[in-house]
Structure formats: C-alpha cells, structure tokens
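Here's structure24.csv, which has CSV, C-alpha atoms:
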```csv
chain,number,residue,atom,x,y,z
A,1,MET,CA,18.4,-16.9,-3.1
A,2,THR,CA,15.4,-17.0,-5.4
A,3,PHE,CA,12.0,-18.7,-5.1
A,4,SER,CA,9.6,-19.4,-7.9
A,5,THR,CA,6.1,-18.0,-7.9
A,6,GLY,CA,5.1,-20.1,-10.9
A,7,ASP,CA,5.7,-20.1,-14.6
A,8,GLY,CA,4.5,-16.9,-16.3
A,9,SER,CA,3.3,-15.5,-12.9
A,10,ALA,CA,4.5,-12.0,-13.4
A,11,PRO,CA,4.5,-11.1,-9.6
A,12,GLU,CA,3.4,-7.5,-8.9
A,13,PHE,CA,3.3,-7.1,-5.1
A,14,VAL,CA,4.5,-8.8,-1.9
A,15,GLU,CA,3.5,-8.7,1.8
A,16,ALA,CA,5.4,-10.4,4.6
A,17,HIS,CA,3.3,-11.7,7.6
A,18,ASP,CA,2.8,-14.9,9.6
A,19,PHE,CA,-0.2,-16.4,7.7
A,20,ASN,CA,-0.3,-19.8,9.4
A,21,ASN,CA,0.3,-18.7,13.0
A,22,ASP,CA,3.6,-20.6,13.5
A,23,GLY,CA,5.6,-17.6,14.6
A,24,ILE,CA,7.6,-17.5,11.4
A,25,LEU,CA,7.2,-14.9,8.7
A,26,ASP,CA,5.7,-15.9,5.3
A,27,ILE,CA,5.3,-14.0,2.0
A,28,ALA,CA,2.1,-13.4,0.1
A,29,ILE,CA,2.5,-12.5,-3.6
A,30,ALA,CA,0.0,-11.1,-6.2
A,31,ASN,CA,0.7,-12.7,-9.6
A,32,SER,CA,-0.8,-10.7,-12.4
A,33,GLY,CA,0.3,-13.1,-15.1
A,34,THR,CA,-1.5,-16.1,-13.7
A,35,ASN,CA,-4.3,-14.3,-12.0
A,36,ASN,CA,-3.7,-15.7,-8.5
A,37,ILE,CA,-2.1,-15.1,-5.1
A,38,VAL,CA,0.4,-17.5,-3.6
A,39,VAL,CA,1.9,-17.7,-0.1
A,40,LEU,CA,5.5,-18.7,0.4
A,41,PHE,CA,5.6,-20.3,3.9
A,42,GLY,CA,8.8,-19.6,5.9
A,43,PHE,CA,10.8,-22.2,7.7
A,44,GLY,CA,12.6,-19.6,9.9
A,45,ASP,CA,16.0,-20.1,8.2
A,46,GLY,CA,15.5,-17.9,5.2
A,47,SER,CA,14.0,-20.6,3.1
A,48,PHE,CA,10.4,-20.9,1.9
A,49,LEU,CA,7.9,-23.4,0.6
A,50,LEU,CA,5.6,-22.4,-2.2
A,51,GLY,CA,2.0,-23.0,-1.1
A,52,THR,CA,-1.3,-23.4,-3.0
A,53,ALA,CA,-2.2,-20.8,-5.7
A,54,TYR,CA,-5.5,-19.2,-5.0
A,55,ARG,CA,-7.3,-17.8,-8.1
A,56,THR,CA,-8.4,-14.2,-8.2
A,57,GLY,CA,-10.6,-14.6,-11.3
A,58,VAL,CA,-10.1,-15.0,-15.0
A,59,GLY,CA,-8.4,-11.9,-16.4
A,60,SER,CA,-8.4,-10.2,-13.0
A,61,GLY,CA,-4.8,-8.9,-13.1
A,62,PRO,CA,-4.1,-8.7,-9.3
A,63,TYR,CA,-1.9,-5.7,-8.7
A,64,ALA,CA,-1.6,-5.1,-4.9
A,65,LEU,CA,-2.3,-6.7,-1.6
A,66,ALA,CA,-3.1,-5.7,2.0
A,67,ILE,CA,-3.4,-7.8,5.1
A,68,GLY,CA,-5.8,-7.7,8.0
A,69,ASP,CA,-8.0,-9.8,10.2
A,70,PHE,CA,-11.4,-9.0,8.7
A,71,ASP,CA,-13.5,-11.4,10.7
A,72,ASN,CA,-11.8,-11.2,14.1
A,73,ASP,CA,-10.8,-14.9,14.2
A,74,SER,CA,-7.1,-14.3,14.9
A,75,GLN,CA,-6.2,-15.4,11.4
A,76,LEU,CA,-4.9,-13.1,8.8
A,77,ASP,CA,-7.0,-12.4,5.7
A,78,ILE,CA,-6.0,-10.9,2.4
A,79,ALA,CA,-7.4,-8.1,0.3
A,80,VAL,CA,-6.4,-8.0,-3.4
A,81,ALA,CA,-6.7,-5.1,-5.8
A,82,ASN,CA,-7.6,-6.6,-9.2
A,83,ALA,CA,-6.8,-3.9,-11.8
A,84,GLN,CA,-8.2,-5.7,-14.8
A,85,SER,CA,-11.5,-6.9,-13.4
A,86,ASN,CA,-12.1,-3.6,-11.5
A,87,ASP,CA,-12.7,-5.2,-8.1
A,88,ILE,CA,-11.3,-6.0,-4.7
A,89,GLY,CA,-11.1,-9.6,-3.8
A,90,ILE,CA,-11.3,-10.7,-0.1
A,91,PHE,CA,-9.7,-14.0,0.9
A,92,LEU,CA,-10.8,-15.1,4.4
A,93,ALA,CA,-8.5,-17.6,6.2
A,94,TYR,CA,-10.1,-20.9,7.3
A,95,GLY,CA,-8.1,-23.6,9.1
A,96,THR,CA,-5.5,-25.5,7.1
A,97,GLU,CA,-6.9,-24.6,3.6
A,98,LEU,CA,-6.2,-21.0,4.3
A,99,TYR,CA,-7.7,-19.1,1.4
A,100,ALA,CA,-10.0,-21.4,-0.5
A,101,GLY,CA,-12.8,-18.9,-1.2
A,102,ILE,CA,-13.0,-15.3,-2.5
A,103,THR,CA,-15.6,-12.6,-2.2
A,104,SER,CA,-15.4,-9.7,-4.7
A,105,TYR,CA,-16.5,-6.1,-4.3
A,106,SER,CA,-16.8,-4.0,-7.5
A,107,MET,CA,-14.9,-0.7,-7.6
A,108,GLY,CA,-16.9,0.4,-10.6
A,109,LEU,CA,-16.5,0.1,-14.4
A,110,GLY,CA,-13.0,1.0,-15.6
A,111,SER,CA,-11.8,1.7,-12.0
A,112,GLN,CA,-8.5,-0.2,-12.4
A,113,PRO,CA,-7.7,-0.4,-8.6
A,114,HIS,CA,-3.9,0.0,-8.1
A,115,SER,CA,-3.4,0.1,-4.4
A,116,VAL,CA,-5.2,-1.0,-1.2
A,117,ALA,CA,-4.7,-0.1,2.5
A,118,ILE,CA,-6.4,-1.4,5.6
A,119,GLU,CA,-7.2,0.4,8.9
A,120,ASP,CA,-10.2,0.9,11.2
A,121,LEU,CA,-11.5,4.2,9.8
A,122,ASN,CA,-14.7,4.5,11.9
A,123,ASN,CA,-13.6,3.3,15.3
A,124,ASP,CA,-15.9,0.3,15.4
A,125,GLY,CA,-13.1,-2.2,16.0
A,126,LEU,CA,-13.4,-3.6,12.5
A,127,PRO,CA,-10.9,-3.2,9.6
A,128,ASP,CA,-11.9,-1.0,6.7
A,129,ILE,CA,-10.4,-0.8,3.2
A,130,VAL,CA,-9.1,2.2,1.2
A,131,VAL,CA,-8.5,1.7,-2.6
A,132,ALA,CA,-6.8,3.9,-5.2
A,133,ASN,CA,-8.9,3.7,-8.3
A,134,TYR,CA,-6.5,4.6,-11.1
A,135,GLY,CA,-9.0,4.5,-13.9
A,136,THR,CA,-11.8,6.5,-12.4
A,137,ASP,CA,-9.8,9.2,-10.6
A,138,ASN,CA,-11.1,8.5,-7.1
A,139,ILE,CA,-10.4,6.6,-3.9
A,140,GLY,CA,-12.9,4.1,-2.7
A,141,ILE,CA,-13.7,3.3,0.9
A,142,LEU,CA,-15.3,0.0,2.1
A,143,LEU,CA,-16.3,0.0,5.7
A,144,GLY,CA,-16.2,-3.4,7.4
A,145,HIS,CA,-19.0,-5.1,9.2
A,146,SER,CA,-19.4,-8.4,11.0
A,147,HIS,CA,-18.1,-11.8,9.7
A,148,GLY,CA,-15.6,-10.3,7.3
A,149,GLY,CA,-18.0,-8.5,5.0
A,150,PHE,CA,-17.9,-4.9,3.7
A,151,ASN,CA,-20.5,-2.2,3.0
A,152,SER,CA,-20.9,-0.6,-0.5
A,153,ILE,CA,-18.2,1.6,-1.8
A,154,THR,CA,-18.0,5.3,-1.0
A,155,THR,CA,-15.8,7.3,-3.3
A,156,TYR,CA,-13.9,10.6,-3.1
A,157,SER,CA,-12.7,12.3,-6.3
A,158,THR,CA,-9.0,12.9,-6.6
A,159,GLY,CA,-9.4,15.2,-9.6
A,160,VAL,CA,-10.1,14.8,-13.3
A,161,GLY,CA,-7.2,13.0,-15.0
A,162,SER,CA,-5.4,12.4,-11.7
A,163,SER,CA,-4.9,8.6,-12.0
A,164,PRO,CA,-4.4,7.9,-8.2
A,165,TYR,CA,-1.7,5.2,-7.9
A,166,SER,CA,-1.1,4.6,-4.2
A,167,VAL,CA,-2.7,5.2,-0.8
A,168,SER,CA,-1.5,5.3,2.8
A,169,ILE,CA,-3.2,5.9,6.1
A,170,ALA,CA,-2.1,7.7,9.3
A,171,ASP,CA,-3.2,10.4,11.7
A,172,PHE,CA,-1.8,13.6,10.2
A,173,ASN,CA,-3.4,16.2,12.4
A,174,ASN,CA,-3.0,14.6,15.9
A,175,ASP,CA,-6.8,14.3,16.6
A,176,ASN,CA,-6.5,10.5,17.1
A,177,GLN,CA,-8.6,9.9,13.9
A,178,LEU,CA,-7.1,8.4,10.8
A,179,ASP,CA,-6.5,10.3,7.6
A,180,ILE,CA,-5.5,9.3,4.1
A,181,VAL,CA,-2.8,10.4,1.6
A,182,VAL,CA,-3.0,9.5,-2.1
A,183,SER,CA,-0.5,9.9,-4.9
A,184,ASN,CA,-1.9,11.2,-8.1
A,185,SER,CA,0.4,10.0,-10.9
A,186,GLU,CA,-0.9,12.1,-13.8
A,187,THR,CA,-1.4,15.4,-12.0
A,188,ASP,CA,2.0,15.2,-10.2
A,189,ASN,CA,0.7,15.7,-6.7
A,190,ILE,CA,-0.4,14.1,-3.5
A,191,ALA,CA,-3.7,14.8,-1.8
A,192,ILE,CA,-4.6,14.6,1.9
A,193,LEU,CA,-8.1,13.5,3.1
A,194,ILE,CA,-8.9,14.3,6.7
A,195,GLY,CA,-11.0,11.8,8.6
A,196,ASN,CA,-13.5,12.6,11.3
A,197,GLY,CA,-13.5,9.2,12.9
A,198,ASN,CA,-16.8,7.9,11.5
A,199,GLY,CA,-15.6,6.8,8.1
A,200,ILE,CA,-16.3,10.2,6.4
A,201,PHE,CA,-13.5,12.3,5.0
A,202,VAL,CA,-12.9,15.9,3.9
A,203,ILE,CA,-10.6,16.7,1.0
A,204,GLY,CA,-7.6,18.7,2.5
A,205,ALA,CA,-4.5,20.1,1.0
A,206,THR,CA,-2.7,19.0,-2.1
A,207,TYR,CA,1.1,19.2,-2.6
A,208,SER,CA,3.0,19.2,-5.9
A,209,THR,CA,5.6,16.5,-6.3
A,210,GLY,CA,7.2,18.4,-9.2
A,211,ALA,CA,6.5,18.7,-12.9
A,212,ARG,CA,6.4,15.4,-14.8
A,213,SER,CA,7.3,13.6,-11.5
A,214,ARG,CA,4.7,10.8,-12.0
A,215,PRO,CA,4.5,9.9,-8.3
A,216,CYS,CA,4.0,6.2,-7.7
A,217,THR,CA,4.1,4.7,-4.2
A,218,VAL,CA,3.4,6.9,-1.2
A,219,ALA,CA,4.4,5.9,2.4
A,220,VAL,CA,4.3,7.4,5.8
A,221,GLY,CA,6.8,7.5,8.7
A,222,ASP,CA,8.5,9.8,11.3
A,223,PHE,CA,11.7,10.6,9.5
A,224,ASP,CA,13.0,13.4,11.8
A,225,ASN,CA,12.0,11.7,15.2
A,226,ASN,CA,9.7,14.5,16.3
A,227,ASN,CA,6.7,12.2,16.8
A,228,ILE,CA,4.9,13.8,13.8
A,229,THR,CA,4.1,11.8,10.7
A,230,ASP,CA,5.9,12.6,7.5
A,231,ILE,CA,5.3,11.5,3.9
A,232,VAL,CA,7.7,10.0,1.4
A,233,ILE,CA,6.9,9.5,-2.4
A,234,ALA,CA,8.7,7.6,-5.1
A,235,ASN,CA,8.7,9.9,-8.2
A,236,TYR,CA,8.9,7.6,-11.2
A,237,GLY,CA,9.1,10.4,-13.8
A,238,THR,CA,11.8,12.5,-12.2
A,239,ASN,CA,13.9,9.7,-10.7
A,240,ASN,CA,13.8,10.9,-7.1
A,241,ILE,CA,12.5,10.3,-3.6
A,242,PHE,CA,10.4,13.2,-2.3
A,243,LEU,CA,9.8,13.9,1.4
A,244,LEU,CA,7.3,16.2,3.0
A,245,TYR,CA,7.6,16.8,6.7
A,246,GLY,CA,4.5,17.1,8.8
A,247,TYR,CA,3.6,19.9,11.1
A,248,GLY,CA,1.2,17.9,13.2
A,249,ASN,CA,-1.9,19.8,12.1
A,250,GLY,CA,-2.6,18.1,8.8
A,251,LEU,CA,-0.2,20.3,6.8
A,252,PHE,CA,3.2,19.6,5.4
A,253,GLY,CA,6.3,21.4,4.3
A,254,ASN,CA,10.1,21.5,4.2
A,255,GLU,CA,10.1,19.5,1.0
A,256,THR,CA,13.3,17.5,0.4
A,257,SER,CA,14.2,15.6,-2.7
A,258,TYR,CA,16.8,12.9,-3.1
A,259,ASP,CA,17.9,12.3,-6.7
A,260,LEU,CA,18.7,8.7,-7.6
A,261,GLY,CA,20.0,9.2,-11.1
A,262,TYR,CA,18.8,9.2,-14.7
A,263,GLY,CA,16.7,6.2,-15.7
A,264,TYR,CA,16.3,4.8,-12.2
A,265,ARG,CA,12.5,4.9,-12.3
A,266,PRO,CA,11.7,4.4,-8.6
A,267,TYR,CA,8.2,2.9,-8.2
A,268,SER,CA,8.0,1.2,-4.8
A,269,ILE,CA,9.3,2.1,-1.3
A,270,ALA,CA,9.4,0.5,2.1
A,271,ILE,CA,10.1,2.1,5.5
A,272,LYS,CA,12.3,0.4,8.2
A,273,ASP,CA,15.1,1.1,10.6
A,274,LEU,CA,17.7,-1.0,8.8
A,275,ASN,CA,20.7,-0.3,11.0
A,276,GLN,CA,19.0,-0.1,14.4
A,277,ASP,CA,20.0,3.5,15.1
A,278,ASN,CA,16.4,4.5,15.9
A,279,TRP,CA,16.1,6.5,12.6
A,280,MET,CA,13.8,5.4,9.8
A,281,ASP,CA,15.4,4.4,6.5
A,282,ILE,CA,13.9,4.0,3.0
A,283,VAL,CA,14.2,1.1,0.7
A,284,ILE,CA,13.4,1.8,-3.0
A,285,ALA,CA,12.7,-0.6,-5.8
A,286,CYS,CA,13.9,0.9,-9.1
A,287,TYR,CA,12.2,-0.4,-12.3
A,288,GLY,CA,14.8,1.2,-14.7
A,289,THR,CA,17.9,-0.3,-13.1
A,290,ASP,CA,16.6,-3.7,-11.9
A,291,HIS,CA,17.9,-3.2,-8.4
A,292,VAL,CA,17.1,-1.9,-4.9
A,293,GLU,CA,18.4,1.3,-3.4
A,294,THR,CA,18.5,2.3,0.3
A,295,LEU,CA,18.5,5.8,1.8
A,296,ILE,CA,20.1,5.5,5.3
A,297,LYS,CA,19.1,8.4,7.6
A,298,MET,CA,22.1,10.1,9.1
A,299,CYS,CA,21.2,12.1,12.2
```

Final structure tokens representation of the file:
Amino acid sequence: MTFSTGDGSAPEFVEAHDFNNDGILDIAIANSGTNNIVVLFGFGDGSFLLGTAYRTGVGSGPYALAIGDFDNDSQLDIAVANAQSNDIGIFLAYGTELYAGITSYSMGLGSQPHSVAIEDLNNDGLPDIVVANYGTDNIGILLGHSHGGFNSITTYSTGVGSSPYSVSIADFNNDNQLDIVVSNSETDNIAILIGNGNGIFVIGATYSTGARSRPCTVAVGDFDNNNITDIVIANYGTNNIFLLYGYGNGLFGNETSYDLGYGYRPYSIAIKDLNQDNWMDIVIACYGTDHVETLIKMC
C-alpha cells in the first residue's frame, strides 16, 4: 500500500508518532522537493489521510526530522534539519492547526545540517537538540529553554573534512549522563562525545568504520542483551552494517561487520525487536537496490 506525499515532493525522512493525541500512530515526512513537511494521519487500520503541508522555507531542502515536546504542553513538536538553508526549523503544535508556524535557528553559513536528535542534555527537564552539520564539519547543540525556545548554537568540531552525517544520543559510560555518537562520512569513522550532564561535552574516542566505508546513519541499541549500549552503522561505501559493542565505560570494541552485497548502498537503519524474541533486530534501507533488508538477531 502506498500513500502520496505530493507531486514532486521527494520525501527524505519519516518519523512515526501520535501527533494528534488520538492514540493512533501517524507519520511525519520531510519533503525536500517541495520544501515542506506533511503528516499522514493514521486511522488505526493501516490506512492514512494526508494532512496539511507546512512550509519549511523557499529552497530550504528539509533533510531530517526529530520529534519532542519542546514547550511541555503534551503535544508533539517537530524539529526539521534544512540542508539547503543551513538552519533548524521548529514547528510547535497548537490545537487543531497543528504546525502553522515555524521558528528557524541558523546552524551557520554552509552548514548543511543532515541529522537532528533530541534529548535532555543538561538535566533541566527540557528537550535539547543535537545537529550533524555536514558542510562545516561539526555538531551543533541547541539547549532548550522555556516556551519551546532554544539558546544559541554551541559547536564541537568533528575534524577537518569529516562531513558528519548522522547523530545519536545515549549514555555510553553508565554515569547517568547522555553522550553523543556521530558518523563522519568522509573520514570513515565515528566519534564519541562524552557529556557531563550540564550540556557540555568532551571529545572522546574515534573508531574507524573501514577504508572508503562512507558511514551514513548511526543508531544505538543493546544488541547482546547485557544492558550496555552498542552502536550500529550503515556503511554506504562498503555495503555493510558495522557493529561496535559497548564496554559500559564509554569505549567500544568487538567490531562485527555484516556484508549485504555489492551495490546495496545502505544509508538508513532502524532498530526494533521484529519477532518478539527479546533480541533487537536491524532494518536497513538500501539505496542501490530499492528495497529494505532485515538482520534478525539469532541468540
């Protein structure tokens, strides 16, 4: 079953959440071709209704989404990474006309934000934003404040020519403070940033993903059921899925690679227990083959 996102929309990214608080999952989509986001509202039977398109700005090129309640009103808001206009757009939900207005925060000239993630990084009870700035070789952090606003950006370099593509957030060293992992697509590695609980981070270890691997999406999960967070990366350049198993102290090892096949070009991954066996599985979107692969964990 297929659902239109609009003529020429060129959808880049999707997120599934309940946006209208009816207890049924909906789907938000970033459309780079038509410079907007749209929500497909679910009926609960697998069918959806295309909602209003909300503009992200002329020539903005929305590339990624993240969802959170930025103003603590029990309605889900949307953060959009606009790769062509070099900013993050915030859509706050209001009543029945959910996302009528946008507030933009510049990531810097030529930043080309490619990924956005949301968590409370400074333990103040408010969501904060982490952005992978592909064009300026850094990650940006926007700390949230009252009424859904955000402070000015703080950046951390990911290295000259690194082109950070994706970010994910978790506690890697079991200190109850959130840390960040970023995939660097042009330097073939991932980098760990260790958080101290007040929104400030220290650059930690880097790990090679292999020569010419071109890592795209990075995600986190516990893949060996030891209650320690692990990392999985989609390597677009070498057509494989790369796992790093956590030691619980902010360090990783026991690298494992799963080859998909020549020309698969994996670029996006999602983590879920697909067969309800209490082991996390991996879903992979493959650009080169126009289909989805699954890696089912066998205990």

- prompt: CA of Ile24 (chain A) and CA of Asp7 (chain A) are how many Å apart?
  reply: 26.2 Å

message: I need the residue nearest Ser166 (chain A) from this list: A:Ser185, A:Gln276, A:Ser60, A:Asn31. Use only C-alpha atoms for the distance.
response: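 Going through A:Ser185, A:Gln276, A:Ser60, A:Asn31 one by one, the smallest distance to Ser166 (chain A) is for A:Ser185.
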
query: What lies within 9 Å of His145 (chain A) using only C-alpha atoms, ignoring chain neighbours under 4 positions off, as a PyMOL selection string?
result: chain A and resi 70-71+124+126-128+149-151

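Nearest-residue note for His291 (chain A): choosing from A:Gly108, A:Gly161, A:Gly263, A:Gly95, the minimum distance belongs to A:Gly263, counting only C-alpha atoms.
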
task: May I ask which of the residues A:Gly197, A:Leu295, A:Val202, A:Asn35 is the closest one to Ala53 (chain A), counting only C-alpha atoms?
output: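 Under the stated criterion, the closest residue is A:Asn35.
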
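What separates CA of Arg55 (chain A) from CA of Asn36 (chain A) is a distance of 4.2 Å.
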
Repair of region 121-132 of chain A at the level of all heavy atoms, as a PDB file, in the coordinates of the input:
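Here's the written file rebuild.pdb:
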```
ATOM      1  N   LEU A 121     -11.258   2.814  10.136  1.00  0.00           N
ATOM      2  CA  LEU A 121     -11.500   4.200   9.800  1.00  0.00           C
ATOM      3  C   LEU A 121     -12.627   4.847  10.624  1.00  0.00           C
ATOM      4  O   LEU A 121     -12.717   6.071  10.736  1.00  0.00           O
ATOM      5  CB  LEU A 121     -11.765   4.399   8.337  1.00  0.00           C
ATOM      6  CG  LEU A 121     -10.676   3.887   7.387  1.00  0.00           C
ATOM      7  CD1 LEU A 121     -11.149   4.030   5.945  1.00  0.00           C
ATOM      8  CD2 LEU A 121      -9.361   4.615   7.605  1.00  0.00           C
ATOM      9  N   ASN A 122     -13.535   4.017  11.159  1.00  0.00           N
ATOM     10  CA  ASN A 122     -14.700   4.500  11.900  1.00  0.00           C
ATOM     11  C   ASN A 122     -14.783   4.115  13.323  1.00  0.00           C
ATOM     12  O   ASN A 122     -15.840   4.222  13.955  1.00  0.00           O
ATOM     13  CB  ASN A 122     -15.992   4.179  11.121  1.00  0.00           C
ATOM     14  CG  ASN A 122     -16.156   2.676  10.952  1.00  0.00           C
ATOM     15  OD1 ASN A 122     -15.233   1.907  11.235  1.00  0.00           O
ATOM     16  ND2 ASN A 122     -17.318   2.262  10.491  1.00  0.00           N
ATOM     17  N   ASN A 123     -13.679   3.616  13.839  1.00  0.00           N
ATOM     18  CA  ASN A 123     -13.600   3.300  15.300  1.00  0.00           C
ATOM     19  C   ASN A 123     -14.609   2.340  15.792  1.00  0.00           C
ATOM     20  O   ASN A 123     -15.100   2.485  16.921  1.00  0.00           O
ATOM     21  CB  ASN A 123     -13.606   4.625  16.082  1.00  0.00           C
ATOM     22  CG  ASN A 123     -12.414   5.519  15.816  1.00  0.00           C
ATOM     23  OD1 ASN A 123     -11.269   5.097  15.923  1.00  0.00           O
ATOM     24  ND2 ASN A 123     -12.679   6.759  15.454  1.00  0.00           N
ATOM     25  N   ASP A 124     -14.916   1.331  14.972  1.00  0.00           N
ATOM     26  CA  ASP A 124     -15.900   0.300  15.400  1.00  0.00           C
ATOM     27  C   ASP A 124     -15.163  -1.014  15.732  1.00  0.00           C
ATOM     28  O   ASP A 124     -15.812  -2.028  15.992  1.00  0.00           O
ATOM     29  CB  ASP A 124     -16.965   0.090  14.412  1.00  0.00           C
ATOM     30  CG  ASP A 124     -16.457  -0.459  13.071  1.00  0.00           C
ATOM     31  OD1 ASP A 124     -15.217  -0.542  12.894  1.00  0.00           O
ATOM     32  OD2 ASP A 124     -17.293  -0.791  12.214  1.00  0.00           O
ATOM     33  N   GLY A 125     -13.829  -1.000  15.698  1.00  0.00           N
ATOM     34  CA  GLY A 125     -13.100  -2.200  16.000  1.00  0.00           C
ATOM     35  C   GLY A 125     -12.939  -3.163  14.827  1.00  0.00           C
ATOM     36  O   GLY A 125     -12.371  -4.248  14.995  1.00  0.00           O
ATOM     37  N   LEU A 126     -13.429  -2.784  13.650  1.00  0.00           N
ATOM     38  CA  LEU A 126     -13.400  -3.600  12.500  1.00  0.00           C
ATOM     39  C   LEU A 126     -12.522  -2.995  11.387  1.00  0.00           C
ATOM     40  O   LEU A 126     -12.603  -1.773  11.170  1.00  0.00           O
ATOM     41  CB  LEU A 126     -14.780  -3.907  11.927  1.00  0.00           C
ATOM     42  CG  LEU A 126     -15.744  -4.644  12.857  1.00  0.00           C
ATOM     43  CD1 LEU A 126     -17.149  -4.633  12.276  1.00  0.00           C
ATOM     44  CD2 LEU A 126     -15.273  -6.072  13.111  1.00  0.00           C
ATOM     45  N   PRO A 127     -11.696  -3.774  10.673  1.00  0.00           N
ATOM     46  CA  PRO A 127     -10.900  -3.200   9.600  1.00  0.00           C
ATOM     47  C   PRO A 127     -11.722  -2.701   8.435  1.00  0.00           C
ATOM     48  O   PRO A 127     -12.721  -3.325   8.060  1.00  0.00           O
ATOM     49  CB  PRO A 127      -9.983  -4.378   9.170  1.00  0.00           C
ATOM     50  CG  PRO A 127     -10.080  -5.381  10.267  1.00  0.00           C
ATOM     51  CD  PRO A 127     -11.437  -5.210  10.868  1.00  0.00           C
ATOM     52  N   ASP A 128     -11.303  -1.586   7.878  1.00  0.00           N
ATOM     53  CA  ASP A 128     -11.900  -1.000   6.700  1.00  0.00           C
ATOM     54  C   ASP A 128     -10.867  -0.956   5.575  1.00  0.00           C
ATOM     55  O   ASP A 128      -9.675  -1.131   5.822  1.00  0.00           O
ATOM     56  CB  ASP A 128     -12.450   0.388   6.990  1.00  0.00           C
ATOM     57  CG  ASP A 128     -13.338   0.405   8.232  1.00  0.00           C
ATOM     58  OD1 ASP A 128     -14.298  -0.381   8.269  1.00  0.00           O
ATOM     59  OD2 ASP A 128     -13.051   1.184   9.159  1.00  0.00           O
ATOM     60  N   ILE A 129     -11.318  -0.717   4.347  1.00  0.00           N
ATOM     61  CA  ILE A 129     -10.400  -0.800   3.200  1.00  0.00           C
ATOM     62  C   ILE A 129     -10.464   0.543   2.427  1.00  0.00           C
ATOM     63  O   ILE A 129     -11.538   1.107   2.182  1.00  0.00           O
ATOM     64  CB  ILE A 129     -10.849  -1.933   2.248  1.00  0.00           C
ATOM     65  CG1 ILE A 129     -10.686  -3.281   2.965  1.00  0.00           C
ATOM     66  CG2 ILE A 129     -10.030  -1.913   0.957  1.00  0.00           C
ATOM     67  CD1 ILE A 129     -11.171  -4.466   2.147  1.00  0.00           C
ATOM     68  N   VAL A 130      -9.284   1.023   2.049  1.00  0.00           N
ATOM     69  CA  VAL A 130      -9.100   2.200   1.200  1.00  0.00           C
ATOM     70  C   VAL A 130      -8.468   1.729  -0.114  1.00  0.00           C
ATOM     71  O   VAL A 130      -7.482   0.986  -0.077  1.00  0.00           O
ATOM     72  CB  VAL A 130      -8.301   3.295   1.837  1.00  0.00           C
ATOM     73  CG1 VAL A 130      -8.162   4.495   0.905  1.00  0.00           C
ATOM     74  CG2 VAL A 130      -8.925   3.720   3.160  1.00  0.00           C
ATOM     75  N   VAL A 131      -9.010   2.182  -1.251  1.00  0.00           N
ATOM     76  CA  VAL A 131      -8.500   1.700  -2.600  1.00  0.00           C
ATOM     77  C   VAL A 131      -8.234   2.952  -3.438  1.00  0.00           C
ATOM     78  O   VAL A 131      -9.024   3.909  -3.469  1.00  0.00           O
ATOM     79  CB  VAL A 131      -9.593   0.860  -3.262  1.00  0.00           C
ATOM     80  CG1 VAL A 131      -9.045   0.311  -4.574  1.00  0.00           C
ATOM     81  CG2 VAL A 131     -10.047  -0.260  -2.346  1.00  0.00           C
ATOM     82  N   ALA A 132      -7.103   2.922  -4.150  1.00  0.00           N
ATOM     83  CA  ALA A 132      -6.800   3.900  -5.200  1.00  0.00           C
ATOM     84  C   ALA A 132      -7.296   3.433  -6.509  1.00  0.00           C
ATOM     85  O   ALA A 132      -6.759   2.462  -7.051  1.00  0.00           O
ATOM     86  CB  ALA A 132      -5.298   4.201  -5.213  1.00  0.00           C
TER      87      ALA A 132
END
```
